[in-house]
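Before any comments, here is the structure.
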Amino acid sequence: MRCHFKRSVVLGVLILLGGLYFISHSDFLIPGLMGLNKSTSVTEWDWLPSQRLISKDSWVDQGGYLPLNVSYQLLAGTPSTKERFVAVGLASVKRKKGSYLLPTLRSLFSQSSPEERSSMVVVVMLADFDANWRGATVGEIKAAFASELEQGQLLVIHVSQQYYPPLTGLKRNYNDAPDRVSFRSKQNVDYSFLIHYSTSLSLYYLQLEDDVSSARSFLSTIKKHVEEQEAKSTAWATLEFSALGYIGKLYKSAHLPLLARFLFLFYQEMPCDWLLTHFRELMTQKEVILFKPSLFQHMGTFSSFQGTYNKLKDKDFEEATYSNPSADIYSDMSVYKDHIPRLAWAAGDGFFWGRSPERGNYLTVVFKDPVVVTGISLETGSEGKDLMNSAMVEIGRSVHTTEKGEKSCKEFQSLGTLQNGRFETQELDKKYGSASSCVRIQVTAQQKDWVVIKKIRITTKS
């Protein structure tokens with residue numbers, strides 16, 4: 001009995017010593033205890049951005065997560081020590097047809113004010129293994145965005161193929177062709193490495209693709225929505241500013257170490273946008289939080305996968321930021337269900353839906369305070385149906401109360417008529433310099449079809 005006890009103690013000590021030896025020589029080291037992975041090819045800036053601490057409140061600061069065995073080549077740009085509001089990440093590969101990377105970058109910067117640009121950093125990961133393509137692309141970026149690179153607003157990185165897991169012979173989930181499985185699996189790893197690098201560059205992280213255009217002042221709109229969301233008591237993991245794929249998805253930087261590892265662990269299981277749905281749910285956000293109008297639009301005509309034709313568009317995208325002033329809306333057109341006239345004026349995807357309008361029917365917008373109108377845009381119909389066929393658009397002054405008890409203007413001036421259900425005019429302030437109080441849509445001929453007014457948008461100046 002005593003000999004058996006001694007043998008058990010000796011065996012236990014041997015197992016413990018063996019376990020400690022395995023841990024000390026394993027790749028699955030805890031950085032807080034064992035130090036960072038070394039790489040002979042990595043420079044200081046290659047690993048530093050992804051190794052900085054994120055938040056004192058985050059458990060990942062304690063070193064309790066598995067490291068990603070990856071190092072980065074900084075191809076262009078000067079990383080800043082200043083933490084920005086948002087890091088915008090996008091990965092790009094060589095396409096068989098066309099290239100949209102530079103137009104995407106131009107849109108991001110041109111649609112942002114100097115103040116907005118100073119609070120963001122765009123991280124481009126050139127994820128193709130073709131060195132000639134990377135060299136040519138870096139040259140184009142340096143020529144077009146020298147100022148942004150110098151000011152730390154744009155960084156260009158690359159990860160060598162040696163750090164990628166196997167990309168062939170993978171599981172054919174959903175019966176996808178092997179080449180498509182390899183493409184989407186590599187894309188997941190690209191995003192994993194990109195997100196890992198961006199971890200501590202900013203408070204928030206925005207994921208885009210390399211073929212999108214941006215709405216004007218998109219960053220200010222995102223800031224406003226983030227502030228509104230943070231004021232609520234409910235936790236969130238993902239805010240969506242486009243309904244398409246992996247475009248316009250916003251994350252807290254404190255969650256990026258988890259997201260990067262999640263994409264890496266399940267890289268061969270399914271496309272990235274499906275994985276991201278699972279990540280959101282695992283982070284206890286059950287419902288999608290999608291803001292409209294969308295801030296980003298897919299501009300590519302040909303896919304990065306085999307150059308196939310891709311006509312995907314976000315129907316809720318508006319290039320100009322919503323800027324309609326406060327107003328009261330009046331109409332004498334018959335309303336269908338709850339599609340009231342105000343929905344055409346308000347932000348979002350609501351619309352006015354009315355039964356067959358008659359000549360003389362109107363929809364009048366009366367501003368709370370007079371404004372100098374610079375532009376008006378009006379869109380009617382849905383998928384080619386329910387267009388407003390005959391109507392004029394007018395601008396008015398001198399508010400009064402009508403016999404119906406509604407507000408309207410005493411004087412109106414015609415700006416023009418709808419063409420194919422649409423109306424748009426700009427630089428109105430040059431012709432009508434003084435402030436206006438009303439905008440009116442006046443039906444000029446009866447029609448049998450019902451009418452949808454999707455949106456009425458105006459721009460103003462002080």
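Numbering starts fresh at 1 for the residues of each chain in the structure tokens, the chains themselves are lettered A, B, ... in the order given, and ligands are numbered from 1 as they appear.
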
Near-A:Tyr205 list (9 Å; only C-alpha atoms; drop same-chain fewer than 3 positions) as a list in words: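 In the requested format, the answer is Phe85, Val86, Ala87, Val88, Gly89, Ile195, Ser198, Thr199, Leu201, Ser202, Lys249, Leu250, Tyr251, Lys252, Ser253 and Leu256 of chain A.
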
Go ahead and save the residues from that selection, with N, CA, C and O atoms, as a PDB file, in the first residue's frame.
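Produced file part-v2.pdb, reproduced below:
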```
ATOM      1  N   PHE A  85     -10.109  58.099 -33.604  1.00  0.00           N
ATOM      2  CA  PHE A  85     -11.476  57.680 -33.298  1.00  0.00           C
ATOM      3  C   PHE A  85     -11.803  56.366 -33.995  1.00  0.00           C
ATOM      4  O   PHE A  85     -12.391  55.458 -33.396  1.00  0.00           O
ATOM      5  N   VAL A  86     -11.407  56.240 -35.259  1.00  0.00           N
ATOM      6  CA  VAL A  86     -11.739  55.017 -35.998  1.00  0.00           C
ATOM      7  C   VAL A  86     -10.595  54.634 -36.922  1.00  0.00           C
ATOM      8  O   VAL A  86      -9.920  55.485 -37.503  1.00  0.00           O
ATOM      9  N   ALA A  87     -10.365  53.336 -37.016  1.00  0.00           N
ATOM     10  CA  ALA A  87      -9.480  52.771 -38.030  1.00  0.00           C
ATOM     11  C   ALA A  87     -10.366  52.131 -39.092  1.00  0.00           C
ATOM     12  O   ALA A  87     -11.268  51.361 -38.764  1.00  0.00           O
ATOM     13  N   VAL A  88     -10.126  52.485 -40.343  1.00  0.00           N
ATOM     14  CA  VAL A  88     -10.893  51.931 -41.456  1.00  0.00           C
ATOM     15  C   VAL A  88     -10.027  50.897 -42.143  1.00  0.00           C
ATOM     16  O   VAL A  88      -8.959  51.231 -42.682  1.00  0.00           O
ATOM     17  N   GLY A  89     -10.442  49.642 -42.130  1.00  0.00           N
ATOM     18  CA  GLY A  89      -9.633  48.565 -42.681  1.00  0.00           C
ATOM     19  C   GLY A  89     -10.212  48.012 -43.967  1.00  0.00           C
ATOM     20  O   GLY A  89     -11.423  47.809 -44.081  1.00  0.00           O
ATOM     21  N   ILE A 195      -7.460  42.896 -39.078  1.00  0.00           N
ATOM     22  CA  ILE A 195      -8.096  43.307 -37.824  1.00  0.00           C
ATOM     23  C   ILE A 195      -7.113  43.223 -36.673  1.00  0.00           C
ATOM     24  O   ILE A 195      -7.060  44.101 -35.797  1.00  0.00           O
ATOM     25  N   SER A 198      -4.888  46.198 -36.635  1.00  0.00           N
ATOM     26  CA  SER A 198      -5.588  47.455 -36.327  1.00  0.00           C
ATOM     27  C   SER A 198      -6.058  47.559 -34.893  1.00  0.00           C
ATOM     28  O   SER A 198      -6.649  48.577 -34.502  1.00  0.00           O
ATOM     29  N   THR A 199      -5.787  46.545 -34.090  1.00  0.00           N
ATOM     30  CA  THR A 199      -6.378  46.408 -32.759  1.00  0.00           C
ATOM     31  C   THR A 199      -6.299  47.674 -31.913  1.00  0.00           C
ATOM     32  O   THR A 199      -7.276  48.088 -31.310  1.00  0.00           O
ATOM     33  N   LEU A 201      -5.114  50.874 -32.799  1.00  0.00           N
ATOM     34  CA  LEU A 201      -4.898  52.129 -33.499  1.00  0.00           C
ATOM     35  C   LEU A 201      -5.975  53.161 -33.184  1.00  0.00           C
ATOM     36  O   LEU A 201      -5.776  54.352 -33.412  1.00  0.00           O
ATOM     37  N   SER A 202      -7.125  52.701 -32.666  1.00  0.00           N
ATOM     38  CA  SER A 202      -8.264  53.605 -32.533  1.00  0.00           C
ATOM     39  C   SER A 202      -9.266  53.055 -31.524  1.00  0.00           C
ATOM     40  O   SER A 202      -9.128  51.942 -31.021  1.00  0.00           O
ATOM     41  N   LYS A 249     -19.212  47.749 -41.494  1.00  0.00           N
ATOM     42  CA  LYS A 249     -19.450  47.104 -40.206  1.00  0.00           C
ATOM     43  C   LYS A 249     -18.500  47.711 -39.165  1.00  0.00           C
ATOM     44  O   LYS A 249     -17.280  47.715 -39.361  1.00  0.00           O
ATOM     45  N   LEU A 250     -19.056  48.231 -38.076  1.00  0.00           N
ATOM     46  CA  LEU A 250     -18.272  48.931 -37.055  1.00  0.00           C
ATOM     47  C   LEU A 250     -18.170  48.087 -35.797  1.00  0.00           C
ATOM     48  O   LEU A 250     -19.165  47.509 -35.335  1.00  0.00           O
ATOM     49  N   TYR A 251     -16.955  48.020 -35.214  1.00  0.00           N
ATOM     50  CA  TYR A 251     -16.694  47.250 -33.997  1.00  0.00           C
ATOM     51  C   TYR A 251     -15.970  48.113 -32.973  1.00  0.00           C
ATOM     52  O   TYR A 251     -15.294  49.080 -33.337  1.00  0.00           O
ATOM     53  N   LYS A 252     -16.085  47.734 -31.727  1.00  0.00           N
ATOM     54  CA  LYS A 252     -15.258  48.333 -30.687  1.00  0.00           C
ATOM     55  C   LYS A 252     -13.873  47.701 -30.761  1.00  0.00           C
ATOM     56  O   LYS A 252     -13.739  46.486 -30.900  1.00  0.00           O
ATOM     57  N   SER A 253     -12.843  48.510 -30.656  1.00  0.00           N
ATOM     58  CA  SER A 253     -11.488  47.969 -30.753  1.00  0.00           C
ATOM     59  C   SER A 253     -11.188  46.959 -29.651  1.00  0.00           C
ATOM     60  O   SER A 253     -10.370  46.060 -29.837  1.00  0.00           O
ATOM     61  N   LEU A 256     -11.650  43.489 -30.968  1.00  0.00           N
ATOM     62  CA  LEU A 256     -10.920  43.047 -32.153  1.00  0.00           C
ATOM     63  C   LEU A 256     -10.029  41.826 -31.923  1.00  0.00           C
ATOM     64  O   LEU A 256      -9.931  40.974 -32.813  1.00  0.00           O
TER      65      LEU A 256
END
```

Can you tell me, as JSON, numbers by chain, which residues in stretch 214-386 of chain A count as strand (DSSP E or B) by DSSP? {"A": [214, 239, 240, 249, 250, 251, 252, 290, 294, 296, 297, 298, 302, 309, 317, 327, 328, 329, 330, 331, 335, 352, 353, 354, 362, 363, 364, 365, 366, 367, 368, 369, 370, 371, 372, 373, 374, 375, 376, 377, 378, 379, 380, 382, 385]}

Name the residues of stretch 142-198 of chain A that come out as helix (DSSP H, G or I) in a backbone DSSP run; write them as a PyMOL selection string. chain A and resi 142-144+146-150+161-163+173-175+178-197

Which residue, A:Pro79, A:Pro114, A:Gly375, A:Gly396, has the smallest gap to A:Leu428 when you use only C-alpha atoms? A:Gly375

Neighbouring residues of stretch 122-136 of chain A were defined as those with any atom within 9 Å, considering only C-alpha atoms; residues of the same chain fewer than 2 positions away were excluded. Please report them as an mmCIF file with all heavy atoms, in the first residue's frame.
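The result, stored in part26.cif:
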```cif
data_model
loop_
_atom_site.group_PDB
_atom_site.id
_atom_site.type_symbol
_atom_site.label_atom_id
_atom_site.label_comp_id
_atom_site.auth_asym_id
_atom_site.auth_seq_id
_atom_site.Cartn_x
_atom_site.Cartn_y
_atom_site.Cartn_z
ATOM 1 N N LEU A 75 4.502 48.666 -45.824
ATOM 2 C CA LEU A 75 4.895 49.025 -47.177
ATOM 3 C C LEU A 75 4.883 50.524 -47.418
ATOM 4 O O LEU A 75 5.620 51.032 -48.268
ATOM 5 C CB LEU A 75 3.968 48.341 -48.190
ATOM 6 C CG LEU A 75 3.883 46.808 -48.097
ATOM 7 C CD1 LEU A 75 2.938 46.275 -49.164
ATOM 8 C CD2 LEU A 75 5.258 46.179 -48.224
ATOM 9 N N VAL A 86 -11.407 56.240 -35.259
ATOM 10 C CA VAL A 86 -11.739 55.017 -35.998
ATOM 11 C C VAL A 86 -10.595 54.634 -36.922
ATOM 12 O O VAL A 86 -9.920 55.485 -37.503
ATOM 13 C CB VAL A 86 -13.049 55.198 -36.812
ATOM 14 C CG1 VAL A 86 -12.866 56.218 -37.926
ATOM 15 C CG2 VAL A 86 -13.550 53.881 -37.369
ATOM 16 N N ALA A 87 -10.365 53.336 -37.016
ATOM 17 C CA ALA A 87 -9.480 52.771 -38.030
ATOM 18 C C ALA A 87 -10.366 52.131 -39.092
ATOM 19 O O ALA A 87 -11.268 51.361 -38.764
ATOM 20 C CB ALA A 87 -8.536 51.737 -37.424
ATOM 21 N N VAL A 88 -10.126 52.485 -40.343
ATOM 22 C CA VAL A 88 -10.893 51.931 -41.456
ATOM 23 C C VAL A 88 -10.027 50.897 -42.143
ATOM 24 O O VAL A 88 -8.959 51.231 -42.682
ATOM 25 C CB VAL A 88 -11.301 53.031 -42.453
ATOM 26 C CG1 VAL A 88 -12.135 52.443 -43.583
ATOM 27 C CG2 VAL A 88 -12.064 54.140 -41.742
ATOM 28 N N GLY A 89 -10.442 49.642 -42.130
ATOM 29 C CA GLY A 89 -9.633 48.565 -42.681
ATOM 30 C C GLY A 89 -10.212 48.012 -43.967
ATOM 31 O O GLY A 89 -11.423 47.809 -44.081
ATOM 32 N N LEU A 90 -9.326 47.771 -44.943
ATOM 33 C CA LEU A 90 -9.757 47.090 -46.167
ATOM 34 C C LEU A 90 -8.597 46.292 -46.731
ATOM 35 O O LEU A 90 -7.443 46.722 -46.678
ATOM 36 C CB LEU A 90 -10.302 48.083 -47.191
ATOM 37 C CG LEU A 90 -9.460 49.288 -47.579
ATOM 38 C CD1 LEU A 90 -8.837 49.069 -48.948
ATOM 39 C CD2 LEU A 90 -10.303 50.534 -47.612
ATOM 40 N N ALA A 91 -8.919 45.105 -47.237
ATOM 41 C CA ALA A 91 -7.923 44.228 -47.847
ATOM 42 C C ALA A 91 -8.125 44.233 -49.351
ATOM 43 O O ALA A 91 -9.260 44.283 -49.835
ATOM 44 C CB ALA A 91 -8.054 42.807 -47.294
ATOM 45 N N SER A 92 -7.027 44.183 -50.098
ATOM 46 C CA SER A 92 -7.121 44.253 -51.549
ATOM 47 C C SER A 92 -6.231 43.207 -52.188
ATOM 48 O O SER A 92 -5.118 42.944 -51.707
ATOM 49 C CB SER A 92 -6.722 45.651 -52.047
ATOM 50 O OG SER A 92 -6.966 45.799 -53.426
ATOM 51 N N VAL A 93 -6.724 42.593 -53.265
ATOM 52 C CA VAL A 93 -5.957 41.609 -54.031
ATOM 53 C C VAL A 93 -5.985 41.992 -55.501
ATOM 54 O O VAL A 93 -6.802 42.809 -55.941
ATOM 55 C CB VAL A 93 -6.514 40.180 -53.849
ATOM 56 C CG1 VAL A 93 -6.370 39.723 -52.405
ATOM 57 C CG2 VAL A 93 -7.979 40.098 -54.297
ATOM 58 N N LYS A 94 -5.111 41.390 -56.261
ATOM 59 C CA LYS A 94 -5.056 41.625 -57.704
ATOM 60 C C LYS A 94 -6.321 41.076 -58.356
ATOM 61 O O LYS A 94 -6.722 39.945 -58.101
ATOM 62 C CB LYS A 94 -3.815 40.940 -58.283
ATOM 63 C CG LYS A 94 -3.619 41.118 -59.773
ATOM 64 C CD LYS A 94 -2.354 40.397 -60.212
ATOM 65 C CE LYS A 94 -2.129 40.537 -61.709
ATOM 66 N NZ LYS A 94 -0.897 39.803 -62.138
ATOM 67 N N LEU A 105 -10.172 54.770 -52.007
ATOM 68 C CA LEU A 105 -9.415 55.642 -51.106
ATOM 69 C C LEU A 105 -9.727 57.111 -51.376
ATOM 70 O O LEU A 105 -9.879 57.899 -50.436
ATOM 71 C CB LEU A 105 -7.917 55.380 -51.260
ATOM 72 C CG LEU A 105 -7.423 54.000 -50.809
ATOM 73 C CD1 LEU A 105 -5.938 53.824 -51.125
ATOM 74 C CD2 LEU A 105 -7.676 53.792 -49.326
ATOM 75 N N LEU A 108 -13.013 57.907 -49.734
ATOM 76 C CA LEU A 108 -12.909 57.992 -48.276
ATOM 77 C C LEU A 108 -12.365 59.347 -47.831
ATOM 78 O O LEU A 108 -12.907 59.974 -46.910
ATOM 79 C CB LEU A 108 -12.000 56.884 -47.750
ATOM 80 C CG LEU A 108 -12.593 55.489 -47.593
ATOM 81 C CD1 LEU A 108 -11.502 54.474 -47.317
ATOM 82 C CD2 LEU A 108 -13.629 55.473 -46.477
ATOM 83 N N MET A 120 -9.200 59.730 -38.147
ATOM 84 C CA MET A 120 -9.271 58.364 -38.656
ATOM 85 C C MET A 120 -7.947 57.955 -39.283
ATOM 86 O O MET A 120 -7.135 58.802 -39.686
ATOM 87 C CB MET A 120 -10.404 58.203 -39.675
ATOM 88 C CG MET A 120 -10.158 58.815 -41.035
ATOM 89 S SD MET A 120 -11.537 58.464 -42.171
ATOM 90 C CE MET A 120 -10.938 59.301 -43.657
ATOM 91 N N VAL A 138 1.714 49.900 -54.553
ATOM 92 C CA VAL A 138 2.298 50.805 -53.562
ATOM 93 C C VAL A 138 2.776 52.085 -54.232
ATOM 94 O O VAL A 138 2.583 53.192 -53.700
ATOM 95 C CB VAL A 138 3.455 50.120 -52.804
ATOM 96 C CG1 VAL A 138 4.223 51.133 -51.962
ATOM 97 C CG2 VAL A 138 2.920 49.012 -51.904
ATOM 98 N N GLY A 139 3.373 51.965 -55.418
ATOM 99 C CA GLY A 139 3.816 53.144 -56.146
ATOM 100 C C GLY A 139 2.653 54.069 -56.489
ATOM 101 O O GLY A 139 2.764 55.300 -56.365
ATOM 102 N N GLU A 140 1.529 53.500 -56.905
ATOM 103 C CA GLU A 140 0.351 54.309 -57.238
ATOM 104 C C GLU A 140 -0.201 55.001 -55.996
ATOM 105 O O GLU A 140 -0.601 56.172 -56.046
ATOM 106 C CB GLU A 140 -0.718 53.414 -57.864
ATOM 107 C CG GLU A 140 -0.345 52.879 -59.246
ATOM 108 C CD GLU A 140 -1.374 51.906 -59.773
ATOM 109 O OE1 GLU A 140 -2.290 51.529 -59.004
ATOM 110 O OE2 GLU A 140 -1.273 51.504 -60.956
ATOM 111 N N ILE A 141 -0.220 54.275 -54.879
ATOM 112 C CA ILE A 141 -0.740 54.849 -53.632
ATOM 113 C C ILE A 141 0.167 55.997 -53.162
ATOM 114 O O ILE A 141 -0.314 57.062 -52.751
ATOM 115 C CB ILE A 141 -0.869 53.761 -52.546
ATOM 116 C CG1 ILE A 141 -1.971 52.776 -52.922
ATOM 117 C CG2 ILE A 141 -1.151 54.384 -51.178
ATOM 118 C CD1 ILE A 141 -2.076 51.581 -51.983
ATOM 119 N N GLY A 152 0.082 60.071 -41.312
ATOM 120 C CA GLY A 152 -0.362 58.910 -40.548
ATOM 121 C C GLY A 152 -1.839 58.591 -40.714
ATOM 122 O O GLY A 152 -2.412 57.855 -39.918
ATOM 123 N N GLN A 153 -2.450 59.135 -41.778
ATOM 124 C CA GLN A 153 -3.864 58.866 -42.044
ATOM 125 C C GLN A 153 -4.060 57.652 -42.936
ATOM 126 O O GLN A 153 -5.192 57.183 -43.110
ATOM 127 C CB GLN A 153 -4.513 60.091 -42.687
ATOM 128 C CG GLN A 153 -4.512 61.319 -41.798
ATOM 129 C CD GLN A 153 -4.932 62.568 -42.538
ATOM 130 O OE1 GLN A 153 -5.305 62.515 -43.712
ATOM 131 N NE2 GLN A 153 -4.880 63.709 -41.860
ATOM 132 N N LEU A 154 -2.969 57.133 -43.496
ATOM 133 C CA LEU A 154 -3.033 55.976 -44.390
ATOM 134 C C LEU A 154 -1.815 55.095 -44.164
ATOM 135 O O LEU A 154 -0.680 55.569 -44.187
ATOM 136 C CB LEU A 154 -3.090 56.447 -45.849
ATOM 137 C CG LEU A 154 -3.069 55.369 -46.932
ATOM 138 C CD1 LEU A 154 -4.265 54.428 -46.799
ATOM 139 C CD2 LEU A 154 -3.048 56.011 -48.318
ATOM 140 N N LEU A 155 -2.058 53.814 -43.952
ATOM 141 C CA LEU A 155 -1.002 52.822 -43.778
ATOM 142 C C LEU A 155 -1.228 51.690 -44.767
ATOM 143 O O LEU A 155 -2.381 51.287 -45.007
ATOM 144 C CB LEU A 155 -0.991 52.258 -42.352
ATOM 145 C CG LEU A 155 -0.847 53.254 -41.200
ATOM 146 C CD1 LEU A 155 -1.014 52.530 -39.858
ATOM 147 C CD2 LEU A 155 0.500 53.957 -41.255
ATOM 148 N N VAL A 156 -0.152 51.171 -45.334
ATOM 149 C CA VAL A 156 -0.239 50.050 -46.272
ATOM 150 C C VAL A 156 0.623 48.924 -45.731
ATOM 151 O O VAL A 156 1.820 49.119 -45.469
ATOM 152 C CB VAL A 156 0.225 50.459 -47.682
ATOM 153 C CG1 VAL A 156 0.022 49.298 -48.655
ATOM 154 C CG2 VAL A 156 -0.532 51.691 -48.164
ATOM 155 N N ILE A 157 0.039 47.736 -45.561
ATOM 156 C CA ILE A 157 0.753 46.613 -44.948
ATOM 157 C C ILE A 157 0.613 45.364 -45.816
ATOM 158 O O ILE A 157 -0.208 45.309 -46.729
ATOM 159 C CB ILE A 157 0.217 46.315 -43.523
ATOM 160 C CG1 ILE A 157 -1.259 45.908 -43.579
ATOM 161 C CG2 ILE A 157 0.418 47.515 -42.608
ATOM 162 C CD1 ILE A 157 -1.815 45.413 -42.248
ATOM 163 N N HIS A 158 1.428 44.356 -45.479
ATOM 164 C CA HIS A 158 1.359 43.062 -46.165
ATOM 165 C C HIS A 158 1.792 41.978 -45.181
ATOM 166 O O HIS A 158 2.608 42.218 -44.287
ATOM 167 C CB HIS A 158 2.262 43.047 -47.398
ATOM 168 C CG HIS A 158 2.373 41.705 -48.053
ATOM 169 N ND1 HIS A 158 1.315 41.095 -48.695
ATOM 170 C CD2 HIS A 158 3.414 40.830 -48.139
ATOM 171 C CE1 HIS A 158 1.697 39.924 -49.166
ATOM 172 N NE2 HIS A 158 2.971 39.750 -48.846
ATOM 173 N N VAL A 159 1.235 40.781 -45.353
ATOM 174 C CA VAL A 159 1.626 39.609 -44.568
ATOM 175 C C VAL A 159 2.127 38.538 -45.525
ATOM 176 O O VAL A 159 1.449 38.210 -46.513
ATOM 177 C CB VAL A 159 0.453 39.067 -43.733
ATOM 178 C CG1 VAL A 159 0.830 37.744 -43.069
ATOM 179 C CG2 VAL A 159 0.037 40.077 -42.674
ATOM 180 N N SER A 160 3.302 38.007 -45.252
ATOM 181 C CA SER A 160 3.903 36.989 -46.105
ATOM 182 C C SER A 160 3.078 35.702 -46.099
ATOM 183 O O SER A 160 2.417 35.362 -45.103
ATOM 184 C CB SER A 160 5.326 36.695 -45.627
ATOM 185 O OG SER A 160 5.867 35.595 -46.326
ATOM 186 N N GLN A 161 3.138 34.972 -47.196
ATOM 187 C CA GLN A 161 2.365 33.737 -47.344
ATOM 188 C C GLN A 161 2.739 32.700 -46.293
ATOM 189 O O GLN A 161 1.932 31.828 -45.950
ATOM 190 C CB GLN A 161 2.576 33.169 -48.752
ATOM 191 C CG GLN A 161 1.675 31.986 -49.082
ATOM 192 C CD GLN A 161 1.789 31.564 -50.540
ATOM 193 O OE1 GLN A 161 2.558 32.145 -51.305
ATOM 194 N NE2 GLN A 161 1.011 30.567 -50.932
ATOM 195 N N GLN A 187 -9.685 34.879 -47.755
ATOM 196 C CA GLN A 187 -10.264 36.177 -47.421
ATOM 197 C C GLN A 187 -10.499 36.295 -45.913
ATOM 198 O O GLN A 187 -10.255 37.350 -45.315
ATOM 199 C CB GLN A 187 -11.572 36.366 -48.177
ATOM 200 C CG GLN A 187 -12.133 37.770 -48.107
ATOM 201 C CD GLN A 187 -13.366 37.935 -48.975
ATOM 202 O OE1 GLN A 187 -14.324 37.166 -48.864
ATOM 203 N NE2 GLN A 187 -13.347 38.922 -49.855
ATOM 204 N N ASP A 190 -7.162 36.944 -44.419
ATOM 205 C CA ASP A 190 -6.783 38.337 -44.711
ATOM 206 C C ASP A 190 -7.414 39.282 -43.694
ATOM 207 O O ASP A 190 -6.741 40.149 -43.111
ATOM 208 C CB ASP A 190 -7.255 38.737 -46.111
ATOM 209 C CG ASP A 190 -6.540 37.988 -47.220
ATOM 210 O OD1 ASP A 190 -5.462 37.425 -46.963
ATOM 211 O OD2 ASP A 190 -7.072 37.969 -48.348
ATOM 212 N N TYR A 191 -8.707 39.135 -43.484
ATOM 213 C CA TYR A 191 -9.421 40.011 -42.554
ATOM 214 C C TYR A 191 -8.942 39.787 -41.119
ATOM 215 O O TYR A 191 -8.840 40.740 -40.338
ATOM 216 C CB TYR A 191 -10.925 39.762 -42.651
ATOM 217 C CG TYR A 191 -11.558 40.307 -43.908
ATOM 218 C CD1 TYR A 191 -12.552 39.594 -44.570
ATOM 219 C CD2 TYR A 191 -11.171 41.530 -44.444
ATOM 220 C CE1 TYR A 191 -13.144 40.095 -45.731
ATOM 221 C CE2 TYR A 191 -11.746 42.028 -45.594
ATOM 222 C CZ TYR A 191 -12.732 41.301 -46.237
ATOM 223 O OH TYR A 191 -13.310 41.794 -47.371
ATOM 224 N N PHE A 193 -5.908 38.936 -40.113
ATOM 225 C CA PHE A 193 -4.623 39.607 -39.941
ATOM 226 C C PHE A 193 -4.787 41.129 -39.963
ATOM 227 O O PHE A 193 -4.130 41.851 -39.203
ATOM 228 C CB PHE A 193 -3.658 39.169 -41.045
ATOM 229 C CG PHE A 193 -3.183 37.741 -40.917
ATOM 230 C CD1 PHE A 193 -2.625 37.080 -42.001
ATOM 231 C CD2 PHE A 193 -3.310 37.055 -39.719
ATOM 232 C CE1 PHE A 193 -2.172 35.768 -41.882
ATOM 233 C CE2 PHE A 193 -2.863 35.737 -39.592
ATOM 234 C CZ PHE A 193 -2.295 35.099 -40.681
ATOM 235 N N LEU A 194 -5.659 41.626 -40.838
ATOM 236 C CA LEU A 194 -5.906 43.070 -40.918
ATOM 237 C C LEU A 194 -6.490 43.599 -39.614
ATOM 238 O O LEU A 194 -6.057 44.639 -39.086
ATOM 239 C CB LEU A 194 -6.862 43.351 -42.082
ATOM 240 C CG LEU A 194 -7.413 44.773 -42.230
ATOM 241 C CD1 LEU A 194 -6.279 45.764 -42.484
ATOM 242 C CD2 LEU A 194 -8.432 44.822 -43.368
ATOM 243 N N TYR A 197 -3.889 43.619 -36.779
ATOM 244 C CA TYR A 197 -2.960 44.754 -36.867
ATOM 245 C C TYR A 197 -3.604 46.041 -36.360
ATOM 246 O O TYR A 197 -2.952 46.883 -35.721
ATOM 247 C CB TYR A 197 -2.520 44.939 -38.313
ATOM 248 C CG TYR A 197 -1.533 46.072 -38.506
ATOM 249 C CD1 TYR A 197 -0.169 45.862 -38.378
ATOM 250 C CD2 TYR A 197 -1.971 47.359 -38.806
ATOM 251 C CE1 TYR A 197 0.747 46.898 -38.545
ATOM 252 C CE2 TYR A 197 -1.077 48.400 -38.970
ATOM 253 C CZ TYR A 197 0.280 48.166 -38.842
ATOM 254 O OH TYR A 197 1.170 49.197 -38.995
ATOM 255 N N SER A 198 -4.888 46.198 -36.635
ATOM 256 C CA SER A 198 -5.588 47.455 -36.327
ATOM 257 C C SER A 198 -6.058 47.559 -34.893
ATOM 258 O O SER A 198 -6.649 48.577 -34.502
ATOM 259 C CB SER A 198 -6.807 47.593 -37.264
ATOM 260 O OG SER A 198 -6.426 47.518 -38.613
ATOM 261 N N ASP A 210 -12.617 46.847 -50.892
ATOM 262 C CA ASP A 210 -11.773 47.747 -51.688
ATOM 263 C C ASP A 210 -12.459 48.257 -52.950
ATOM 264 O O ASP A 210 -11.787 48.708 -53.884
ATOM 265 C CB ASP A 210 -10.458 47.049 -52.057
ATOM 266 C CG ASP A 210 -10.657 45.896 -53.035
ATOM 267 O OD1 ASP A 210 -11.808 45.415 -53.163
ATOM 268 O OD2 ASP A 210 -9.671 45.471 -53.677
#
```

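With only C-alpha atoms as the basis for measurement, A:Val181 is the residue among A:Lys82, A:His400, A:Val181, A:Gln229 that approaches A:Met270 most closely.
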
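Atom pair atom CA of A:Ser80 / atom CA of A:Glu148 has a distance of 11.8 Å (rounded to one decimal).
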
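With only C-alpha atoms as the atoms that count, the residue of A:Arg457, A:Leu265, A:Gln413, A:Leu282 with the shortest distance to A:Pro67 is A:Leu265.
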
Fewer than 3 positions away in the same chain doesn't count, so skip those; otherwise give me all residues within 6 Å of A:Leu378, counting only C-alpha atoms, as a ChimeraX atom specification. /A:422-423,455-456
